[in-house]
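**Student:** Shown below is the structure under consideration.
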Amino acid sequence: MKITVTTLQKMAQEGHKISMLTCYDASFASLLDDAGVEILLVGDSLGMVVQGKDSTLPVTEDEMAYHIACVARGAKNALILGDMTFGAYQQSPQQAFAHASRLMQAGANMVKLEGGAYMAETTRFLAERGIPVCSHIGLTPQFVNAFGGYRVQGKGDDGRRVLNDAKALAEAGASMVLMECVPAALAREITDSLPVPTIGIGAGADVSGQVLVLHDMLGVYPGKKARFVKNFMAEAGSIQGAVEAYVKAVRGKTFPADEHTF
Ligand code: KIV
């Protein structure tokens, strides 16, 4: 059955963990879909793991639309989440709508955009016009130059800022909030205070669901391995087995473990 925003909302309310993986092509979309992964994220991480670039910033709207269309052709049931690309949505709600509608026409069912409370106006503009939004907060990779690297966000007093971002975005109509690299206690507090599902990557186990970059969990990305990554291929012996083990571990709450958490 096709996964929709309503399915995700119900899963979160009933305590069923949501599994998400990044995906960039039709063959993997079909494999992930068959393994029961609920959300396929066509992430701008494709710039790094597919194109070999050193950040997500160079990915263009045309490239994102192309990969979304590839994934949409391979998936039957999973919800397809498309990343809004750097420079294509930050200027105005109208610019964001033009970009998001192109990604939806390519096959996305929801779009993801990075940024805190200041993106609330844009989030409201999209949501009111029928575009489900996933807000990406905490470590937002498109800010790598501003952050001076990929660092844990929301430590200590800074946690209030991240909590306020999450509340403002949910209030503006975000359908889901994704938190990257934030302390587990903060992610739990945010999850408890929001009416929408939360997805974590390096955010501990007490969120509505988990996401990993496919190439990281298969152990094929040659770059540095982050603390929150688990290589599911190491024990599984096949790609299908690794993806099934990931879905089982997310559903069974055995991933992430303490060693993957901040
Ligand atoms: O682009 C991506 O893969 C992402 C994940 C890190 C969540 O945004």
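Following the order of the structure tokens, chains are lettered A, B, ..., residues in each are numbered from 1, and ligands are numbered from 1.
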Out of segment 1-245 of chain A, which residues get strand (DSSP E or B) from DSSP, as an MDAnalysis selection string?
**Tutor:** chainID A and resid 18:22 39:42 79:83 110:114 133:138 176:180 198:201 209:212
**Student:** How would you write, as a PyMOL selection string, the set of residues no farther than 8 Å from ligand 1 when counting only C-alpha atoms and all ligand atoms?
**Tutor:** chain A and resi 22+41-46+56+83+112+136+140-141+178+180+201+211-213
**Student:** Taking all heavy atoms for each residue, export the selection above as a tab-separated table (two decimals), in the first residue's frame.
**Tutor:**
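New file out_2.tsv:
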```
chain	number	residue	atom	x	y	z
A	22	THR	N	18.38	6.92	1.98
A	22	THR	CA	18.54	7.69	0.76
A	22	THR	C	18.53	6.73	-0.43
A	22	THR	O	18.86	5.54	-0.30
A	22	THR	CB	19.82	8.54	0.74
A	22	THR	OG1	20.95	7.66	0.71
A	22	THR	CG2	19.89	9.48	1.93
A	41	LEU	N	14.55	8.81	0.46
A	41	LEU	CA	15.00	10.21	0.40
A	41	LEU	C	15.96	10.38	-0.77
A	41	LEU	O	17.06	9.80	-0.76
A	41	LEU	CB	15.69	10.60	1.72
A	41	LEU	CG	16.48	11.92	1.69
A	41	LEU	CD1	15.58	13.11	1.38
A	41	LEU	CD2	17.22	12.14	3.01
A	42	VAL	N	15.53	11.13	-1.77
A	42	VAL	CA	16.46	11.48	-2.85
A	42	VAL	C	17.20	12.70	-2.32
A	42	VAL	O	16.77	13.85	-2.47
A	42	VAL	CB	15.71	11.76	-4.17
A	42	VAL	CG1	16.72	11.92	-5.31
A	42	VAL	CG2	14.71	10.66	-4.47
A	43	GLY	N	18.28	12.41	-1.60
A	43	GLY	CA	19.00	13.44	-0.87
A	43	GLY	C	20.02	14.14	-1.75
A	43	GLY	O	20.54	13.57	-2.71
A	44	ASP	N	20.34	15.39	-1.36
A	44	ASP	CA	21.40	16.07	-2.11
A	44	ASP	C	22.77	15.52	-1.72
A	44	ASP	O	23.79	15.91	-2.28
A	44	ASP	CB	21.32	17.60	-1.98
A	44	ASP	CG	21.38	18.08	-0.54
A	44	ASP	OD1	21.55	17.26	0.37
A	44	ASP	OD2	21.25	19.31	-0.32
A	45	SER	N	22.78	14.53	-0.80
A	45	SER	CA	24.00	13.76	-0.56
A	45	SER	C	24.45	13.08	-1.86
A	45	SER	O	25.58	12.61	-1.95
A	45	SER	CB	23.77	12.71	0.53
A	45	SER	OG	22.61	11.93	0.25
A	46	LEU	N	23.57	13.04	-2.85
A	46	LEU	CA	23.96	12.45	-4.14
A	46	LEU	C	25.18	13.19	-4.71
A	46	LEU	O	25.98	12.60	-5.44
A	46	LEU	CB	22.78	12.44	-5.11
A	46	LEU	CG	22.30	13.70	-5.83
A	46	LEU	CD1	23.05	13.97	-7.12
A	46	LEU	CD2	20.81	13.60	-6.13
A	56	THR	N	27.33	18.98	-0.55
A	56	THR	CA	26.03	18.85	-1.23
A	56	THR	C	25.70	20.10	-2.04
A	56	THR	O	24.72	20.10	-2.79
A	56	THR	CB	24.91	18.63	-0.18
A	56	THR	OG1	24.86	19.76	0.71
A	56	THR	CG2	25.15	17.37	0.62
A	83	ASP	N	14.96	16.31	-1.96
A	83	ASP	CA	15.68	17.42	-1.31
A	83	ASP	C	15.61	18.68	-2.17
A	83	ASP	O	15.89	18.64	-3.37
A	83	ASP	CB	17.16	17.04	-1.14
A	83	ASP	CG	17.52	16.81	0.31
A	83	ASP	OD1	16.72	17.15	1.21
A	83	ASP	OD2	18.61	16.27	0.55
A	112	LYS	N	12.05	18.26	1.13
A	112	LYS	CA	12.79	18.56	2.37
A	112	LYS	C	13.61	19.82	2.17
A	112	LYS	O	14.29	19.97	1.15
A	112	LYS	CB	13.70	17.38	2.73
A	112	LYS	CG	14.59	17.65	3.95
A	112	LYS	CD	15.14	16.38	4.55
A	112	LYS	CE	16.33	15.79	3.83
A	112	LYS	NZ	17.51	16.66	3.74
A	136	HIS	N	14.40	20.17	7.82
A	136	HIS	CA	15.69	19.56	8.21
A	136	HIS	C	16.41	20.55	9.12
A	136	HIS	O	16.77	21.66	8.67
A	136	HIS	CB	16.49	19.26	6.94
A	136	HIS	CG	17.78	18.55	7.15
A	136	HIS	ND1	18.37	17.77	6.16
A	136	HIS	CD2	18.62	18.46	8.21
A	136	HIS	CE1	19.51	17.27	6.60
A	136	HIS	NE2	19.70	17.68	7.84
A	140	THR	N	22.72	21.03	9.35
A	140	THR	CA	22.18	21.17	8.00
A	140	THR	C	23.38	21.26	7.04
A	140	THR	O	24.09	22.27	7.02
A	140	THR	CB	21.29	22.44	7.92
A	140	THR	OG1	21.95	23.52	8.62
A	140	THR	CG2	19.95	22.20	8.59
A	141	PRO	N	23.62	20.18	6.26
A	141	PRO	CA	24.86	20.11	5.47
A	141	PRO	C	25.06	21.25	4.48
A	141	PRO	O	26.20	21.55	4.12
A	141	PRO	CB	24.75	18.76	4.77
A	141	PRO	CG	23.84	17.95	5.64
A	141	PRO	CD	22.85	18.93	6.20
A	178	LEU	N	13.10	16.49	10.37
A	178	LEU	CA	14.28	15.64	10.38
A	178	LEU	C	15.38	16.35	11.17
A	178	LEU	O	15.66	17.52	10.92
A	178	LEU	CB	14.73	15.35	8.95
A	178	LEU	CG	15.87	14.36	8.75
A	178	LEU	CD1	15.69	13.63	7.42
A	178	LEU	CD2	17.23	15.02	8.78
A	180	GLU	N	19.34	16.23	12.41
A	180	GLU	CA	20.64	15.60	12.13
A	180	GLU	C	21.66	16.04	13.18
A	180	GLU	O	21.81	17.24	13.46
A	180	GLU	CB	21.12	16.01	10.73
A	180	GLU	CG	22.48	15.42	10.38
A	180	GLU	CD	22.84	15.49	8.90
A	180	GLU	OE1	21.99	15.93	8.09
A	180	GLU	OE2	23.97	15.09	8.56
A	201	ILE	N	18.92	11.33	12.39
A	201	ILE	CA	20.18	10.77	11.88
A	201	ILE	C	21.23	11.33	12.84
A	201	ILE	O	21.46	12.53	12.89
A	201	ILE	CB	20.44	11.12	10.38
A	201	ILE	CG1	21.82	10.64	9.92
A	201	ILE	CG2	20.23	12.58	10.06
A	201	ILE	CD1	22.01	10.59	8.41
A	211	VAL	N	16.94	7.66	9.55
A	211	VAL	CA	17.44	7.69	8.17
A	211	VAL	C	18.95	7.52	8.18
A	211	VAL	O	19.63	7.95	9.12
A	211	VAL	CB	17.06	9.01	7.44
A	211	VAL	CG1	17.62	10.24	8.12
A	211	VAL	CG2	17.51	8.99	5.97
A	212	LEU	N	19.47	6.85	7.16
A	212	LEU	CA	20.91	6.80	6.89
A	212	LEU	C	21.12	6.99	5.39
A	212	LEU	O	20.21	6.73	4.58
A	212	LEU	CB	21.51	5.45	7.30
A	212	LEU	CG	21.78	5.20	8.78
A	212	LEU	CD1	22.33	3.78	8.99
A	212	LEU	CD2	22.76	6.22	9.37
A	213	VAL	N	22.30	7.43	5.05
A	213	VAL	CA	22.69	7.50	3.64
A	213	VAL	C	23.01	6.06	3.20
A	213	VAL	O	23.77	5.34	3.85
A	213	VAL	CB	23.91	8.44	3.46
A	213	VAL	CG1	24.47	8.33	2.04
A	213	VAL	CG2	23.51	9.88	3.78
```
**Student:** Can you list, as a compact mmCIF listing (two decimals) with all heavy atoms, in the first residue's frame, every residue of segment 45-77 of chain A that DSSP puts in alpha helix (DSSP H)?
**Tutor:**
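Okay, part-v4.txt is ready:
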```txt
# COMPACT_ATOMS: atom_id res chain seq x y z
N LEU A 46 23.57 13.04 -2.85
CA LEU A 46 23.96 12.45 -4.14
C LEU A 46 25.18 13.19 -4.71
O LEU A 46 25.98 12.60 -5.44
CB LEU A 46 22.78 12.44 -5.11
CG LEU A 46 22.30 13.70 -5.83
CD1 LEU A 46 23.05 13.97 -7.12
CD2 LEU A 46 20.81 13.60 -6.13
N GLY A 47 25.31 14.46 -4.35
CA GLY A 47 26.48 15.22 -4.81
C GLY A 47 27.77 14.58 -4.34
O GLY A 47 28.77 14.56 -5.06
N MET A 48 27.73 14.02 -3.13
CA MET A 48 28.94 13.41 -2.56
C MET A 48 29.07 11.93 -2.94
O MET A 48 30.09 11.50 -3.43
CB MET A 48 28.94 13.60 -1.04
CG MET A 48 28.95 15.08 -0.66
SD MET A 48 28.74 15.40 1.10
CE MET A 48 30.40 15.14 1.70
N VAL A 49 27.99 11.16 -2.70
CA VAL A 49 28.15 9.70 -2.86
C VAL A 49 27.99 9.22 -4.30
O VAL A 49 28.49 8.16 -4.66
CB VAL A 49 27.19 8.92 -1.91
CG1 VAL A 49 27.44 9.29 -0.47
CG2 VAL A 49 25.72 9.12 -2.26
N GLU A 61 18.97 21.81 -9.51
CA GLU A 61 17.56 21.42 -9.61
C GLU A 61 17.36 20.35 -10.70
O GLU A 61 16.64 19.37 -10.48
CB GLU A 61 16.70 22.65 -9.95
CG GLU A 61 15.25 22.32 -10.19
CD GLU A 61 14.40 23.56 -10.45
OE1 GLU A 61 14.02 24.22 -9.47
OE2 GLU A 61 14.12 23.85 -11.62
N ASP A 62 18.02 20.52 -11.85
CA ASP A 62 17.86 19.54 -12.94
C ASP A 62 18.34 18.17 -12.49
O ASP A 62 17.69 17.15 -12.79
CB ASP A 62 18.71 19.97 -14.16
CG ASP A 62 18.04 21.08 -14.95
OD1 ASP A 62 16.86 21.39 -14.66
OD2 ASP A 62 18.70 21.66 -15.83
N GLU A 63 19.49 18.13 -11.79
CA GLU A 63 20.01 16.83 -11.34
C GLU A 63 19.06 16.20 -10.33
O GLU A 63 18.78 15.00 -10.37
CB GLU A 63 21.40 17.02 -10.72
CG GLU A 63 22.45 17.37 -11.75
CD GLU A 63 23.76 17.92 -11.18
OE1 GLU A 63 23.82 18.21 -9.96
OE2 GLU A 63 24.71 18.06 -11.96
N MET A 64 18.56 17.02 -9.40
CA MET A 64 17.64 16.49 -8.39
C MET A 64 16.37 15.95 -9.06
O MET A 64 15.91 14.85 -8.74
CB MET A 64 17.31 17.58 -7.36
CG MET A 64 16.41 17.14 -6.23
SD MET A 64 16.96 15.66 -5.32
CE MET A 64 18.43 16.28 -4.51
N ALA A 65 15.81 16.70 -10.00
CA ALA A 65 14.59 16.26 -10.68
C ALA A 65 14.84 14.95 -11.44
O ALA A 65 14.00 14.03 -11.43
CB ALA A 65 14.11 17.35 -11.64
N TYR A 66 16.03 14.83 -12.04
CA TYR A 66 16.38 13.61 -12.77
C TYR A 66 16.40 12.39 -11.84
O TYR A 66 15.82 11.34 -12.12
CB TYR A 66 17.75 13.80 -13.44
CG TYR A 66 18.35 12.54 -14.01
CD1 TYR A 66 17.94 12.05 -15.24
CD2 TYR A 66 19.31 11.82 -13.29
CE1 TYR A 66 18.47 10.88 -15.75
CE2 TYR A 66 19.85 10.65 -13.79
CZ TYR A 66 19.44 10.17 -15.03
OH TYR A 66 19.95 9.02 -15.53
N HIS A 67 17.08 12.54 -10.67
CA HIS A 67 17.19 11.40 -9.75
C HIS A 67 15.84 11.07 -9.11
O HIS A 67 15.54 9.90 -8.86
CB HIS A 67 18.27 11.67 -8.69
CG HIS A 67 19.65 11.50 -9.25
ND1 HIS A 67 20.26 10.27 -9.39
CD2 HIS A 67 20.53 12.41 -9.75
CE1 HIS A 67 21.45 10.42 -9.94
NE2 HIS A 67 21.65 11.71 -10.16
N ILE A 68 15.03 12.09 -8.83
CA ILE A 68 13.68 11.83 -8.28
C ILE A 68 12.88 11.01 -9.29
O ILE A 68 12.22 10.02 -8.92
CB ILE A 68 12.96 13.15 -7.94
CG1 ILE A 68 13.59 13.79 -6.69
CG2 ILE A 68 11.46 12.92 -7.72
CD1 ILE A 68 13.07 15.18 -6.36
N ALA A 69 12.96 11.37 -10.56
CA ALA A 69 12.19 10.64 -11.58
C ALA A 69 12.68 9.19 -11.68
O ALA A 69 11.87 8.26 -11.82
CB ALA A 69 12.32 11.36 -12.93
N CYS A 70 13.99 8.98 -11.56
CA CYS A 70 14.54 7.60 -11.60
C CYS A 70 13.97 6.79 -10.43
O CYS A 70 13.53 5.65 -10.60
CB CYS A 70 16.07 7.62 -11.48
SG CYS A 70 16.90 8.37 -12.88
N VAL A 71 14.01 7.38 -9.23
CA VAL A 71 13.55 6.67 -8.03
C VAL A 71 12.04 6.41 -8.13
O VAL A 71 11.57 5.31 -7.81
CB VAL A 71 13.92 7.48 -6.75
CG1 VAL A 71 13.23 6.90 -5.52
CG2 VAL A 71 15.44 7.50 -6.57
N ALA A 72 11.31 7.40 -8.60
CA ALA A 72 9.84 7.25 -8.70
C ALA A 72 9.47 6.10 -9.63
O ALA A 72 8.51 5.38 -9.38
CB ALA A 72 9.23 8.56 -9.18
N ARG A 73 10.28 5.87 -10.67
CA ARG A 73 9.97 4.77 -11.60
C ARG A 73 10.22 3.41 -10.95
O ARG A 73 9.59 2.42 -11.31
CB ARG A 73 10.84 4.90 -12.87
CG ARG A 73 10.30 5.94 -13.84
CD ARG A 73 10.97 5.83 -15.21
NE ARG A 73 12.33 6.36 -15.19
CZ ARG A 73 12.65 7.64 -15.43
NH1 ARG A 73 11.71 8.49 -15.75
NH2 ARG A 73 13.89 8.05 -15.38
N GLY A 74 11.11 3.36 -9.94
CA GLY A 74 11.44 2.07 -9.32
C GLY A 74 10.61 1.72 -8.10
O GLY A 74 10.57 0.57 -7.68
```
**Student:** Measuring atom to atom with only C-alpha atoms, identify which of A:Leu8, A:Leu32, A:Ile80, A:Val229 is nearest to Gly204 of chain A.
**Tutor:** A:Val229
**Student:** Can you pull out every residue within 9 Å of Met20 of chain A, counting only C-alpha atoms, but drop anything in the same chain fewer than 3 positions away, and send it as a PyMOL selection string?
**Tutor:** chain A and resi 37-41+199+209-212+247
**Student:** Go ahead and save the picked residues with N, CA, C and O atoms, as a PDB file, in the first residue's frame.
**Tutor:**
```pdb
ATOM      1  N   VAL A  37      11.093  -0.344   3.241  1.00  0.00           N
ATOM      2  CA  VAL A  37      11.532   1.003   3.658  1.00  0.00           C
ATOM      3  C   VAL A  37      10.395   1.980   3.334  1.00  0.00           C
ATOM      4  O   VAL A  37       9.922   2.027   2.195  1.00  0.00           O
ATOM      5  N   GLU A  38       9.956   2.716   4.344  1.00  0.00           N
ATOM      6  CA  GLU A  38       8.756   3.549   4.133  1.00  0.00           C
ATOM      7  C   GLU A  38       9.034   4.825   3.335  1.00  0.00           C
ATOM      8  O   GLU A  38       8.161   5.312   2.620  1.00  0.00           O
ATOM      9  N   ILE A  39      10.235   5.398   3.515  1.00  0.00           N
ATOM     10  CA  ILE A  39      10.533   6.664   2.819  1.00  0.00           C
ATOM     11  C   ILE A  39      11.860   6.553   2.072  1.00  0.00           C
ATOM     12  O   ILE A  39      12.883   6.161   2.658  1.00  0.00           O
ATOM     13  N   LEU A  40      11.852   6.888   0.793  1.00  0.00           N
ATOM     14  CA  LEU A  40      13.083   6.961   0.004  1.00  0.00           C
ATOM     15  C   LEU A  40      13.431   8.441  -0.135  1.00  0.00           C
ATOM     16  O   LEU A  40      12.669   9.203  -0.728  1.00  0.00           O
ATOM     17  N   LEU A  41      14.553   8.813   0.455  1.00  0.00           N
ATOM     18  CA  LEU A  41      15.001  10.206   0.397  1.00  0.00           C
ATOM     19  C   LEU A  41      15.964  10.382  -0.773  1.00  0.00           C
ATOM     20  O   LEU A  41      17.059   9.798  -0.764  1.00  0.00           O
ATOM     21  N   ILE A 199      12.241  12.413  12.339  1.00  0.00           N
ATOM     22  CA  ILE A 199      13.189  11.430  11.819  1.00  0.00           C
ATOM     23  C   ILE A 199      14.572  11.857  12.294  1.00  0.00           C
ATOM     24  O   ILE A 199      14.910  13.043  12.227  1.00  0.00           O
ATOM     25  N   GLY A 209      11.419   7.928  13.672  1.00  0.00           N
ATOM     26  CA  GLY A 209      12.034   7.072  12.664  1.00  0.00           C
ATOM     27  C   GLY A 209      13.484   7.443  12.442  1.00  0.00           C
ATOM     28  O   GLY A 209      13.984   8.406  13.023  1.00  0.00           O
ATOM     29  N   GLN A 210      14.149   6.650  11.602  1.00  0.00           N
ATOM     30  CA  GLN A 210      15.593   6.834  11.355  1.00  0.00           C
ATOM     31  C   GLN A 210      15.869   6.952   9.872  1.00  0.00           C
ATOM     32  O   GLN A 210      15.147   6.388   9.050  1.00  0.00           O
ATOM     33  N   VAL A 211      16.945   7.663   9.546  1.00  0.00           N
ATOM     34  CA  VAL A 211      17.437   7.693   8.171  1.00  0.00           C
ATOM     35  C   VAL A 211      18.954   7.522   8.177  1.00  0.00           C
ATOM     36  O   VAL A 211      19.630   7.953   9.116  1.00  0.00           O
ATOM     37  N   LEU A 212      19.466   6.849   7.157  1.00  0.00           N
ATOM     38  CA  LEU A 212      20.907   6.801   6.890  1.00  0.00           C
ATOM     39  C   LEU A 212      21.119   6.992   5.388  1.00  0.00           C
ATOM     40  O   LEU A 212      20.210   6.727   4.580  1.00  0.00           O
ATOM     41  N   VAL A 247      15.965  -2.254   8.288  1.00  0.00           N
ATOM     42  CA  VAL A 247      14.523  -2.054   8.564  1.00  0.00           C
ATOM     43  C   VAL A 247      14.146  -2.759   9.871  1.00  0.00           C
ATOM     44  O   VAL A 247      13.450  -2.188  10.729  1.00  0.00           O
TER      45      VAL A 247
END
```
**Student:** I want to know what sits within 12 Å of Asp192 of chain A, based on only C-alpha atoms, with residues of the same chain fewer than 3 positions away left out; could you give that as a PyMOL selection string?
**Tutor:** chain A and resi 12-13+15+163+166-167+185-189+195-198+206-208
**Student:** Between A:Pro222, A:Pro132, A:Gly115, A:Gly52, single out the one closest to Leu79 of chain A, counting only C-alpha atoms.
**Tutor:** A:Pro132
**Student:** Do a neighbour search on Lys230 of chain A at 10 Å with only C-alpha atoms, toss out local chain neighbours closer than 3 positions, and write the hits as a count of residues only.
**Tutor:** 16
**Student:** Can you tell me, as a list in words, what residues are no more than 8 Å from Arg251 of chain A when counting only C-alpha atoms, ignoring any on the same chain fewer than 6 positions away?
**Tutor:** His16, Lys17, Ile18 and Ser19 of chain A
**Student:** Keeping N, CA, C and O atoms, export the residues of the selection given above as a CSV table (one decimal), in the first residue's frame.
**Tutor:**
```
chain,number,residue,atom,x,y,z
A,16,HIS,N,5.0,3.0,15.9
A,16,HIS,CA,5.7,2.1,15.0
A,16,HIS,C,6.8,3.0,14.3
A,16,HIS,O,6.5,4.0,13.7
A,17,LYS,N,8.0,2.5,14.4
A,17,LYS,CA,9.2,3.3,13.9
A,17,LYS,C,9.2,3.3,12.4
A,17,LYS,O,8.9,2.3,11.7
A,18,ILE,N,9.5,4.5,11.8
A,18,ILE,CA,9.5,4.7,10.4
A,18,ILE,C,11.0,4.5,9.9
A,18,ILE,O,11.9,5.0,10.5
A,19,SER,N,11.2,3.7,8.8
A,19,SER,CA,12.5,3.6,8.3
A,19,SER,C,12.6,4.4,7.0
A,19,SER,O,11.8,4.4,6.1
```
**Student:** At what distance in Å, to one decimal, does atom CA of Val177 of chain A lie from atom CA of Val111 of chain A?
**Tutor:**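 Going from atom CA of Val111 of chain A over to atom CA of Val177 of chain A covers 11.3 Å.
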**Student:** Write out as a list of chain:residue names which residues come within 12 Å of Asn145 of chain A when counting only C-alpha atoms, dropping same-chain ones fewer than 6 positions away.
**Tutor:** A:Asp54, A:Ser55, A:Thr56, A:Leu57, A:Leu139, A:Arg151
